[in-house]
Every structure is written in structure tokens, then in C-alpha cells.
>>> print(open('target22.cif').read())   # mmCIF, C-alpha atoms
data_protein
loop_
_atom_site.label_atom_id
_atom_site.label_comp_id
_atom_site.auth_asym_id
_atom_site.auth_seq_id
_atom_site.Cartn_x
_atom_site.Cartn_y
_atom_site.Cartn_z
CA ASP A 1 2.97 -50.48 148.72
CA ILE A 2 4.11 -53.16 151.12
CA GLN A 3 6.56 -51.97 153.76
CA MET A 4 9.00 -54.36 155.42
CA THR A 5 10.24 -53.54 158.92
CA GLN A 6 13.12 -55.38 160.54
CA SER A 7 14.07 -55.45 164.20
CA PRO A 8 16.39 -54.96 165.80
CA SER A 9 18.43 -52.74 163.50
CA SER A 10 21.57 -54.13 165.09
CA LEU A 11 22.55 -56.68 167.68
CA SER A 12 25.69 -57.99 169.33
CA ALA A 13 25.98 -61.62 170.36
CA SER A 14 28.62 -64.13 171.35
CA VAL A 15 29.86 -67.08 169.38
CA GLY A 16 27.50 -69.97 169.99
CA ASP A 17 24.51 -67.81 170.84
CA ARG A 18 21.10 -68.24 169.30
CA VAL A 19 20.21 -65.09 167.35
CA THR A 20 16.74 -64.13 166.17
CA ILE A 21 15.90 -61.39 163.68
CA THR A 22 12.34 -60.29 163.03
CA CYS A 23 10.77 -59.00 159.82
CA ARG A 24 7.24 -57.61 159.72
CA ALA A 25 5.21 -56.86 156.60
CA SER A 26 2.68 -54.02 156.47
CA GLN A 27 0.11 -56.48 155.09
CA SER A 28 -0.16 -60.22 154.75
CA ILE A 29 2.32 -61.67 152.26
CA SER A 30 1.63 -65.36 152.90
CA ASN A 31 5.11 -66.95 152.89
CA TYR A 32 6.50 -64.91 149.99
CA LEU A 33 9.51 -63.88 152.00
CA ASN A 34 13.23 -64.24 151.35
CA TRP A 35 16.32 -63.60 153.48
CA TYR A 36 19.75 -62.40 152.36
CA GLN A 37 23.10 -62.09 154.09
CA GLN A 38 25.50 -59.29 153.19
CA LYS A 39 29.01 -59.42 154.58
CA PRO A 40 30.99 -56.17 154.81
CA GLY A 41 32.07 -54.94 151.40
CA LYS A 42 30.44 -57.85 149.59
CA ALA A 43 27.35 -58.45 147.49
CA PRO A 44 24.29 -59.97 149.17
CA LYS A 45 23.90 -63.73 149.33
CA PHE A 46 20.55 -65.49 148.99
CA LEU A 47 19.92 -67.50 152.18
CA ILE A 48 16.28 -68.50 152.49
CA TYR A 49 13.25 -68.49 150.19
CA ALA A 50 9.57 -69.11 150.84
CA ALA A 51 10.13 -68.02 154.44
CA SER A 52 11.72 -71.27 155.57
CA SER A 53 13.50 -73.08 152.73
CA LEU A 54 17.29 -72.95 152.75
CA GLN A 55 19.11 -72.14 149.53
CA SER A 56 21.57 -74.81 148.46
CA GLY A 57 24.81 -74.65 150.42
CA VAL A 58 23.49 -72.55 153.30
CA PRO A 59 24.53 -73.96 156.68
CA SER A 60 21.79 -75.66 158.66
CA ARG A 61 22.29 -73.30 161.62
CA PHE A 62 20.24 -70.81 159.61
CA SER A 63 16.49 -71.22 159.71
CA GLY A 64 13.45 -69.18 158.85
CA SER A 65 9.85 -69.23 159.92
CA GLY A 66 6.65 -67.27 159.72
CA SER A 67 3.68 -66.54 157.53
CA GLY A 68 1.29 -63.67 157.00
CA THR A 69 2.95 -60.57 158.40
CA ASP A 70 5.53 -61.85 160.90
CA PHE A 71 8.72 -63.68 160.04
CA THR A 72 11.92 -64.64 161.81
CA LEU A 73 15.44 -65.57 160.81
CA THR A 74 17.27 -67.62 163.42
CA ILE A 75 20.95 -68.43 163.64
CA SER A 76 21.38 -71.38 166.00
CA GLY A 77 24.94 -71.23 167.20
CA LEU A 78 26.40 -67.96 165.93
CA GLN A 79 29.76 -68.30 164.18
CA PRO A 80 32.39 -65.59 163.58
CA GLU A 81 31.75 -65.78 159.84
CA ASP A 82 28.10 -64.82 160.43
CA LEU A 83 29.17 -61.21 160.98
CA ALA A 84 26.95 -59.52 158.41
CA THR A 85 23.83 -57.50 157.76
CA TYR A 86 20.70 -59.54 157.11
CA TYR A 87 17.83 -58.37 154.92
CA CYS A 88 14.34 -59.69 154.37
CA GLN A 89 12.62 -59.18 151.02
CA GLN A 90 8.97 -59.68 150.12
CA SER A 91 8.01 -61.22 146.78
CA TYR A 92 4.22 -61.00 147.18
CA THR A 93 4.21 -58.18 144.65
CA THR A 94 6.64 -59.88 142.24
CA PRO A 95 8.28 -58.54 140.17
CA VAL A 96 8.14 -55.34 142.22
CA LEU A 97 10.19 -56.22 145.29
CA THR A 98 10.74 -54.61 148.69
CA PHE A 99 13.56 -55.11 151.17
CA GLY A 100 13.55 -54.58 154.89
CA GLY A 101 15.93 -52.06 156.36
CA GLY A 102 18.45 -54.65 157.49
CA THR A 103 19.77 -56.04 160.77
CA LYS A 104 23.48 -55.77 161.49
CA VAL A 105 24.84 -58.72 163.46
CA GLU A 106 28.04 -58.11 165.38
CA ILE A 107 30.14 -60.57 167.34
CA LYS A 108 30.95 -59.74 170.98
CA GLU B 1 31.27 -70.55 136.87
CA VAL B 2 28.09 -68.52 137.09
CA GLN B 3 29.11 -64.87 137.11
CA LEU B 4 27.78 -61.35 136.76
CA VAL B 5 30.15 -58.43 136.21
CA GLU B 6 28.94 -54.84 136.34
CA SER B 7 30.70 -51.89 134.77
CA GLY B 8 30.07 -48.30 133.80
CA GLY B 9 29.88 -46.64 137.18
CA GLY B 10 31.53 -43.34 137.84
CA PHE B 11 31.18 -39.74 138.89
CA VAL B 12 28.50 -37.58 137.30
CA GLN B 13 26.93 -34.21 138.02
CA PRO B 14 23.25 -33.85 138.93
CA GLY B 15 21.12 -33.93 135.81
CA GLY B 16 23.68 -36.01 133.96
CA SER B 17 23.50 -39.49 132.48
CA LEU B 18 25.32 -42.76 132.89
CA ARG B 19 24.95 -46.21 131.34
CA LEU B 20 25.67 -49.29 133.42
CA SER B 21 26.37 -52.68 131.93
CA CYS B 22 26.25 -56.17 133.37
CA ALA B 23 27.94 -59.10 131.62
CA ALA B 24 26.63 -62.56 132.41
CA SER B 25 28.43 -65.86 131.99
CA GLY B 26 28.19 -69.48 133.05
CA PHE B 27 24.43 -69.89 132.59
CA THR B 28 21.74 -69.68 129.91
CA PHE B 29 21.24 -65.94 130.22
CA SER B 30 18.25 -65.71 127.87
CA GLY B 31 16.17 -67.94 130.13
CA TYR B 32 16.38 -65.79 133.23
CA SER B 33 14.80 -62.64 134.48
CA MET B 34 17.27 -60.09 135.85
CA ASN B 35 17.25 -57.19 138.27
CA TRP B 36 19.12 -54.10 139.33
CA VAL B 37 19.39 -53.44 143.07
CA ARG B 38 21.18 -50.47 144.58
CA GLN B 39 22.65 -49.59 147.95
CA ALA B 40 23.31 -46.01 148.98
CA PRO B 41 26.37 -45.44 151.18
CA GLY B 42 25.72 -46.88 154.63
CA LYS B 43 22.12 -47.74 153.74
CA GLY B 44 20.08 -50.82 152.95
CA LEU B 45 19.19 -52.54 149.72
CA GLU B 46 16.71 -50.97 147.29
CA TRP B 47 15.24 -52.85 144.34
CA VAL B 48 15.49 -50.67 141.21
CA SER B 49 14.22 -52.59 138.19
CA TYR B 50 13.29 -55.99 136.74
CA ILE B 51 13.41 -57.38 133.23
CA SER B 52 11.86 -60.68 132.25
CA SER B 53 13.42 -63.13 129.82
CA THR B 54 11.15 -61.61 127.15
CA SER B 55 11.96 -58.00 128.15
CA THR B 56 8.87 -57.10 130.18
CA ILE B 57 10.16 -54.38 132.49
CA TYR B 58 9.18 -52.93 135.86
CA TYR B 59 10.72 -50.00 137.75
CA ALA B 60 10.72 -48.69 141.27
CA ASP B 61 8.77 -45.44 141.56
CA SER B 62 11.99 -43.63 142.53
CA VAL B 63 13.52 -44.20 139.08
CA LYS B 64 10.48 -44.50 136.81
CA GLY B 65 10.75 -42.18 133.82
CA ARG B 66 14.47 -41.61 134.34
CA PHE B 67 16.03 -45.08 134.09
CA THR B 68 15.72 -47.56 131.21
CA PHE B 69 16.53 -51.23 131.64
CA SER B 70 17.33 -53.36 128.60
CA ARG B 71 18.97 -56.64 127.72
CA ASP B 72 20.82 -58.12 124.76
CA ASN B 73 20.52 -61.89 124.91
CA ALA B 74 22.94 -62.30 121.99
CA LYS B 75 25.62 -60.57 124.05
CA ASN B 76 24.57 -61.99 127.44
CA SER B 77 24.37 -58.44 128.70
CA LEU B 78 22.16 -56.05 130.62
CA TYR B 79 22.10 -52.30 130.44
CA LEU B 80 20.76 -49.61 132.74
CA GLN B 81 20.53 -46.19 131.12
CA MET B 82 20.27 -43.61 133.89
CA ASN B 83 19.19 -40.08 132.96
CA SER B 84 18.37 -36.99 134.99
CA LEU B 85 20.52 -38.29 137.81
CA ARG B 86 20.04 -36.89 141.30
CA ASP B 87 22.17 -36.84 144.42
CA ASP B 88 20.05 -39.60 145.93
CA ASP B 89 20.90 -41.93 143.05
CA THR B 90 24.39 -42.22 144.54
CA ALA B 91 24.84 -45.90 145.33
CA VAL B 92 26.49 -49.16 144.52
CA TYR B 93 24.44 -50.76 141.75
CA TYR B 94 24.21 -54.55 141.63
CA CYS B 95 22.79 -56.69 138.87
CA ALA B 96 21.21 -59.88 140.15
CA ARG B 97 19.71 -62.98 138.58
CA GLY B 98 16.10 -63.74 139.36
CA MET B 99 14.99 -67.11 140.61
CA ALA B 100 11.49 -68.42 141.22
CA ALA B 101 12.20 -71.41 143.41
CA VAL B 102 8.81 -73.13 143.66
CA GLY B 103 6.48 -70.81 141.83
CA TYR B 104 6.27 -67.35 140.30
CA TYR B 105 5.71 -65.44 143.53
CA TYR B 106 8.52 -67.25 145.33
CA TYR B 107 10.92 -64.91 143.59
CA GLY B 108 14.37 -64.02 144.81
CA MET B 109 17.81 -63.18 143.50
CA ASP B 110 20.31 -66.00 143.65
CA VAL B 111 23.36 -64.64 141.81
CA TRP B 112 24.77 -61.16 142.30
CA GLY B 113 27.56 -59.18 140.72
CA GLN B 114 30.19 -57.35 142.72
CA GLY B 115 28.55 -53.98 142.07
CA THR B 116 29.54 -50.75 140.37
CA THR B 117 29.60 -47.41 142.14
CA VAL B 118 27.68 -44.39 140.90
CA THR B 119 28.38 -41.03 142.51
CA VAL B 120 26.17 -38.06 141.69
CA SER B 121 27.52 -34.80 142.99
CA SER B 122 28.20 -31.24 141.96
#
>>> encode(input="target22.cif", output="C-alpha cells")
Amino acid sequence: DIQMTQSPSSLSASVGDRVTITCRASQSISNYLNWYQQKPGKAPKFLIYAASSLQSGVPSRFSGSGSGTDFTLTISGLQPEDLATYYCQQSYTTPVLTFGGGTKVEIK
Amino acid sequence: EVQLVESGGGFVQPGGSLRLSCAASGFTFSGYSMNWVRQAPGKGLEWVSYISSTSTIYYADSVKGRFTFSRDNAKNSLYLQMNSLRDDDTAVYYCARGMAAVGYYYYGMDVWGQGTTVTVSS
């Protein structure tokens, strides 16, 4: 089974900061990697697919990169509405899917 | 409006059963694969099960043999029959639409319901 490990598990940053979240796969998954945003009390929202492609309607301050085992989600210019937990998800073993443990982003 | 609405959650004792439903609207339901994803209290997301448009089904090891996923395309509905429930099945259960953006393995979930809560406790 492919394990997905996110770091950090939580972070606190100020409005306007550049925030980077890391996701590591236990084996190479090419770029079969998605990112989701889950705001408190809400369902997850699909942000990025294929490691770096933004879903329609996602603000351009969100970006993704990586391939193989190491991936990053970057928020360039953190906004108050970005308060959320972010999850990576591998699709290399589609349709059996695996999520990372999540990274909680708090606003200072 | 594209929408998924879950129902059927509730309180059940260990060993009991529960049937969740998910009603889809606003899109051609029969053409999409669908998933159940759960989230235990204060925990992360866990993929539970997948059903293709033609009812090929996969399960997470944690629920295999206990849960049964089905769909009724005539009713635009999904069902998750959960048997032999355990304390660690306690979670919010989401149904989610599958999307393969640029190829089969680029598979994610682009539409989610609001979730239904299942509590397993004695």
C-alpha cells in the first residue's frame, strides 16, 4: 500500500505570507497527486489535480508542484479565507485512493 | 446545480447495521463513478469505497466484507450498506463524485455532499 505523509501537521502564518505544505509518497506515484481544502465544518473542496493543475475556480495564489515521491502545495499570499486543513491524495492506485494525514493552516 | 445529499446516518450499537443513501442531482449521474469517504472525529479523510458507472466496486481493507456499495442509476442514488459496525466506524460519511481530469489515473473527487454522521457506541 502507498502511504502519504504530510508535513507539517499544522502551521500558523500571517496574512500575506507564502505557505508551503509538503506531501511525500512511500513510493513513486509520478504526478498522480491531488490536493483538497477542507474548511472547518465543511466538506472537502478539490483544489489541484495532476500535482500542479488548478481546478476551475481555484484562486491563482494556490499552486502545486512535484513528481515521483515529493510534492508541495504553495499558497502565495495567505488570505483569511484560507484557514483550513489541506489534504493530499494519491491516485496512482486508482480506484483505491489514499489521503495524507492533513495540514492545518491557521492565521496568526 | 450539481448536488449530492447524504442521509441515513445515526446512532447504532457495535455489531449493528446502517444503510446510508446519497441522492445526486444536476448532472448525468449514470456517467460518473462515485465514492464514499469518511472522517472520524478530529481525524483526517479516509477513502472507503468506489463504484464505477457500470457498478465495478472496490473497498478499503478496513471495510471489506462488512460494507456493500451499490447504485441505482434510475433513481440517481447511491447506497452504502454497513454491517458488523465497530466503534472505529464512527465518522462523518461523505459521498463524492469521481473525476478523471486528463486520464484514468488522474482521478479525484470534484463534488462532495455535506456528509452524514454515523456513531457506533454501546
>>> closest_residue(input="target22.cif", among="B:Ser21, B:Gly8, B:Val92, B:Gly15", to="Leu45 (chain B)", atoms="all atoms listed in the file")
B:Val92
>>> interface_residues(input="target22.cif", of="chain B", to="chain A", cutoff="9 Å", atoms="all atoms listed in the file", output="list in words")
Lys43, Gly44, Leu45, Glu46, Trp47, Val48, Ser49, Tyr50, Ile51, Ser52, Ile57, Tyr58, Tyr59, Ala60, Tyr94, Ala101, Val102, Tyr104, Tyr105, Tyr106, Tyr107, Gly108, Met109, Asp110, Val111, Trp112, Gly113, Gln114 and Gly115 of chain B
>>> write_last_selection(input="target22.cif", atoms="C-alpha atoms", output="compact mmCIF listing (two decimals), keeping the file's coordinate frame")
# COMPACT_ATOMS: atom_id res chain seq x y z
CA LYS B 43 22.12 -47.74 153.74
CA GLY B 44 20.08 -50.82 152.95
CA LEU B 45 19.19 -52.54 149.72
CA GLU B 46 16.71 -50.97 147.29
CA TRP B 47 15.24 -52.85 144.34
CA VAL B 48 15.49 -50.67 141.21
CA SER B 49 14.22 -52.59 138.19
CA TYR B 50 13.29 -55.99 136.74
CA ILE B 51 13.41 -57.38 133.23
CA SER B 52 11.86 -60.68 132.25
CA ILE B 57 10.16 -54.38 132.49
CA TYR B 58 9.18 -52.93 135.86
CA TYR B 59 10.72 -50.00 137.75
CA ALA B 60 10.72 -48.69 141.27
CA TYR B 94 24.21 -54.55 141.63
CA ALA B 101 12.20 -71.41 143.41
CA VAL B 102 8.81 -73.13 143.66
CA TYR B 104 6.27 -67.35 140.30
CA TYR B 105 5.71 -65.44 143.53
CA TYR B 106 8.52 -67.25 145.33
CA TYR B 107 10.92 -64.91 143.59
CA GLY B 108 14.37 -64.02 144.81
CA MET B 109 17.81 -63.18 143.50
CA ASP B 110 20.31 -66.00 143.65
CA VAL B 111 23.36 -64.64 141.81
CA TRP B 112 24.77 -61.16 142.30
CA GLY B 113 27.56 -59.18 140.72
CA GLN B 114 30.19 -57.35 142.72
CA GLY B 115 28.55 -53.98 142.07
>>> resolve_selection(input="target22.cif", expression="the PyMOL selection byres ((chain A and resi 8) around 12)", output="ChimeraX atom specification")
/A:5-7,9-12,19-24,72-73,85-87,100-105
>>> atom_distance(input="target22.cif", atom1="CA of Trp36 (chain B)", atom2="CA of Tyr93 (chain B)")
6.7 Å
>>> atom_distance(input="target22.cif", atom1="CA of Ala84 (chain A)", atom2="CA of Ser30 (chain A)")
26.6 Å
>>> atom_distance(input="target22.cif", atom1="CA of Arg66 (chain B)", atom2="CA of Met99 (chain B)")
26.3 Å
>>> resolve_selection(input="target22.cif", expression="the PyMOL selection byres ((chain B and resi 72-75) around 10)", output="number ranges by chain")
B: 23-25, 28-31, 53-55, 70-71, 76-79
>>> residues_around(input="target22.cif", residues="Arg86 (chain B)", least_positions_apart="2", cutoff="7 Å", atoms="all atoms listed in the file", output="short mmCIF file (atom, residue, chain, number, x, y, z; two decimals) with C-alpha atoms, in the frame of the given file")
data_model
loop_
_atom_site.label_atom_id
_atom_site.label_comp_id
_atom_site.auth_asym_id
_atom_site.auth_seq_id
_atom_site.Cartn_x
_atom_site.Cartn_y
_atom_site.Cartn_z
CA PRO B 14 23.25 -33.85 138.93
CA GLY B 15 21.12 -33.93 135.81
CA SER B 84 18.37 -36.99 134.99
CA ASP B 88 20.05 -39.60 145.93
CA ASP B 89 20.90 -41.93 143.05
CA VAL B 120 26.17 -38.06 141.69
#
>>> residues_around(input="target22.cif", residues="Met82 (chain B)", least_positions_apart="3", cutoff="9 Å", atoms="only C-alpha atoms", output="count of residues only")
11
>>> residues_near_point(input="target22.cif", point="(29.2, -44.5, 140.2)", cutoff="7 Å", atoms="all atoms listed in the file", output="list in words")
Gly9, Gly10, Phe11, Thr90, Ala91, Val92, Thr116, Thr117, Val118 and Thr119 of chain B
>>> residues_around(input="target22.cif", residues="Leu83 (chain A)", least_positions_apart="2", cutoff="7 Å", atoms="only C-alpha atoms", output="ChimeraX atom specification")
/A:39,80-81,105-107
>>> write_last_selection(input="target22.cif", atoms="C-alpha atoms", output="CSV table (one decimal), in the coordinates of the input")
chain,number,residue,atom,x,y,z
A,39,LYS,CA,29.0,-59.4,154.6
A,80,PRO,CA,32.4,-65.6,163.6
A,81,GLU,CA,31.8,-65.8,159.8
A,105,VAL,CA,24.8,-58.7,163.5
A,106,GLU,CA,28.0,-58.1,165.4
A,107,ILE,CA,30.1,-60.6,167.3
>>> closest_residue(input="target22.cif", among="A:Ser28, A:Lys108, A:Asp1, A:Ser65", to="Leu78 (chain A)", atoms="all atoms listed in the file")
A:Lys108
>>> resolve_selection(input="target22.cif", expression="the PyMOL selection byres ((chain A and resi 27) around 9)", output="mmCIF file with C-alpha atoms, in the frame of the given file")
data_model
loop_
_atom_site.group_PDB
_atom_site.id
_atom_site.type_symbol
_atom_site.label_atom_id
_atom_site.label_comp_id
_atom_site.auth_asym_id
_atom_site.auth_seq_id
_atom_site.Cartn_x
_atom_site.Cartn_y
_atom_site.Cartn_z
ATOM 1 C CA ILE A 2 4.110 -53.160 151.120
ATOM 2 C CA GLN A 3 6.560 -51.970 153.760
ATOM 3 C CA ARG A 24 7.240 -57.610 159.720
ATOM 4 C CA ALA A 25 5.210 -56.860 156.600
ATOM 5 C CA SER A 26 2.680 -54.020 156.470
ATOM 6 C CA SER A 28 -0.160 -60.220 154.750
ATOM 7 C CA ILE A 29 2.320 -61.670 152.260
ATOM 8 C CA GLY A 68 1.290 -63.670 157.000
ATOM 9 C CA THR A 69 2.950 -60.570 158.400
#
>>> decode(input="target22.cif", residues="region 5-17 of chain A", atoms="all heavy atoms", output="compact mmCIF listing (two decimals), in the first residue's frame")
# COMPACT_ATOMS: atom_id res chain seq x y z
N THR A 5 2.48 10.97 3.47
CA THR A 5 2.86 11.67 4.70
C THR A 5 2.94 13.16 4.43
O THR A 5 3.69 13.59 3.54
CB THR A 5 4.21 11.15 5.21
OG1 THR A 5 4.13 9.73 5.40
CG2 THR A 5 4.57 11.81 6.52
N GLN A 6 2.19 13.93 5.20
CA GLN A 6 2.21 15.38 5.05
C GLN A 6 2.98 16.02 6.18
O GLN A 6 2.97 15.54 7.32
CB GLN A 6 0.78 15.94 5.05
CG GLN A 6 0.02 15.65 3.78
CD GLN A 6 -1.35 16.30 3.77
OE1 GLN A 6 -2.35 15.62 3.58
NE2 GLN A 6 -1.41 17.60 3.97
N SER A 7 3.63 17.13 5.86
CA SER A 7 4.29 17.93 6.89
C SER A 7 4.24 19.40 6.52
O SER A 7 4.23 19.75 5.33
CB SER A 7 5.74 17.47 7.06
OG SER A 7 6.46 17.65 5.85
N PRO A 8 4.15 20.30 7.51
CA PRO A 8 3.92 19.93 8.91
C PRO A 8 2.47 19.49 9.12
O PRO A 8 1.66 19.59 8.20
CB PRO A 8 4.21 21.24 9.63
CG PRO A 8 3.77 22.29 8.66
CD PRO A 8 4.12 21.74 7.30
N SER A 9 2.16 19.04 10.31
CA SER A 9 0.76 18.69 10.61
C SER A 9 -0.07 19.94 10.85
O SER A 9 -1.29 19.92 10.65
CB SER A 9 0.69 17.76 11.81
OG SER A 9 1.31 18.35 12.93
N SER A 10 0.59 21.00 11.27
CA SER A 10 -0.09 22.28 11.42
C SER A 10 0.92 23.41 11.29
O SER A 10 2.13 23.19 11.48
CB SER A 10 -0.82 22.37 12.76
OG SER A 10 0.11 22.37 13.82
N LEU A 11 0.42 24.56 10.94
CA LEU A 11 1.27 25.74 10.83
C LEU A 11 0.43 26.98 11.08
O LEU A 11 -0.80 26.98 10.87
CB LEU A 11 1.96 25.80 9.46
CG LEU A 11 1.08 25.97 8.24
CD1 LEU A 11 0.89 27.45 7.90
CD2 LEU A 11 1.70 25.24 7.03
N SER A 12 1.10 28.03 11.50
CA SER A 12 0.45 29.32 11.73
C SER A 12 1.23 30.37 10.93
O SER A 12 2.45 30.43 11.00
CB SER A 12 0.45 29.66 13.22
OG SER A 12 -0.19 30.88 13.45
N ALA A 13 0.52 31.15 10.16
CA ALA A 13 1.16 32.15 9.31
C ALA A 13 0.30 33.41 9.26
O ALA A 13 -0.90 33.38 9.58
CB ALA A 13 1.37 31.59 7.91
N SER A 14 0.92 34.49 8.85
CA SER A 14 0.23 35.77 8.77
C SER A 14 -0.36 35.99 7.39
O SER A 14 0.11 35.41 6.40
CB SER A 14 1.20 36.90 9.10
OG SER A 14 1.72 36.77 10.41
N VAL A 15 -1.36 36.84 7.36
CA VAL A 15 -1.95 37.21 6.07
C VAL A 15 -0.85 37.79 5.17
O VAL A 15 -0.05 38.62 5.61
CB VAL A 15 -3.09 38.22 6.27
CG1 VAL A 15 -3.58 38.77 4.93
CG2 VAL A 15 -4.26 37.57 7.02
N GLY A 16 -0.83 37.31 3.95
CA GLY A 16 0.18 37.74 3.00
C GLY A 16 1.41 36.86 2.91
O GLY A 16 2.20 36.98 1.96
N ASP A 17 1.58 35.97 3.88
CA ASP A 17 2.74 35.09 3.88
C ASP A 17 2.64 34.06 2.75
O ASP A 17 1.57 33.72 2.27
CB ASP A 17 2.85 34.33 5.21
CG ASP A 17 3.43 35.18 6.33
OD1 ASP A 17 3.85 36.33 6.06
OD2 ASP A 17 3.46 34.68 7.47
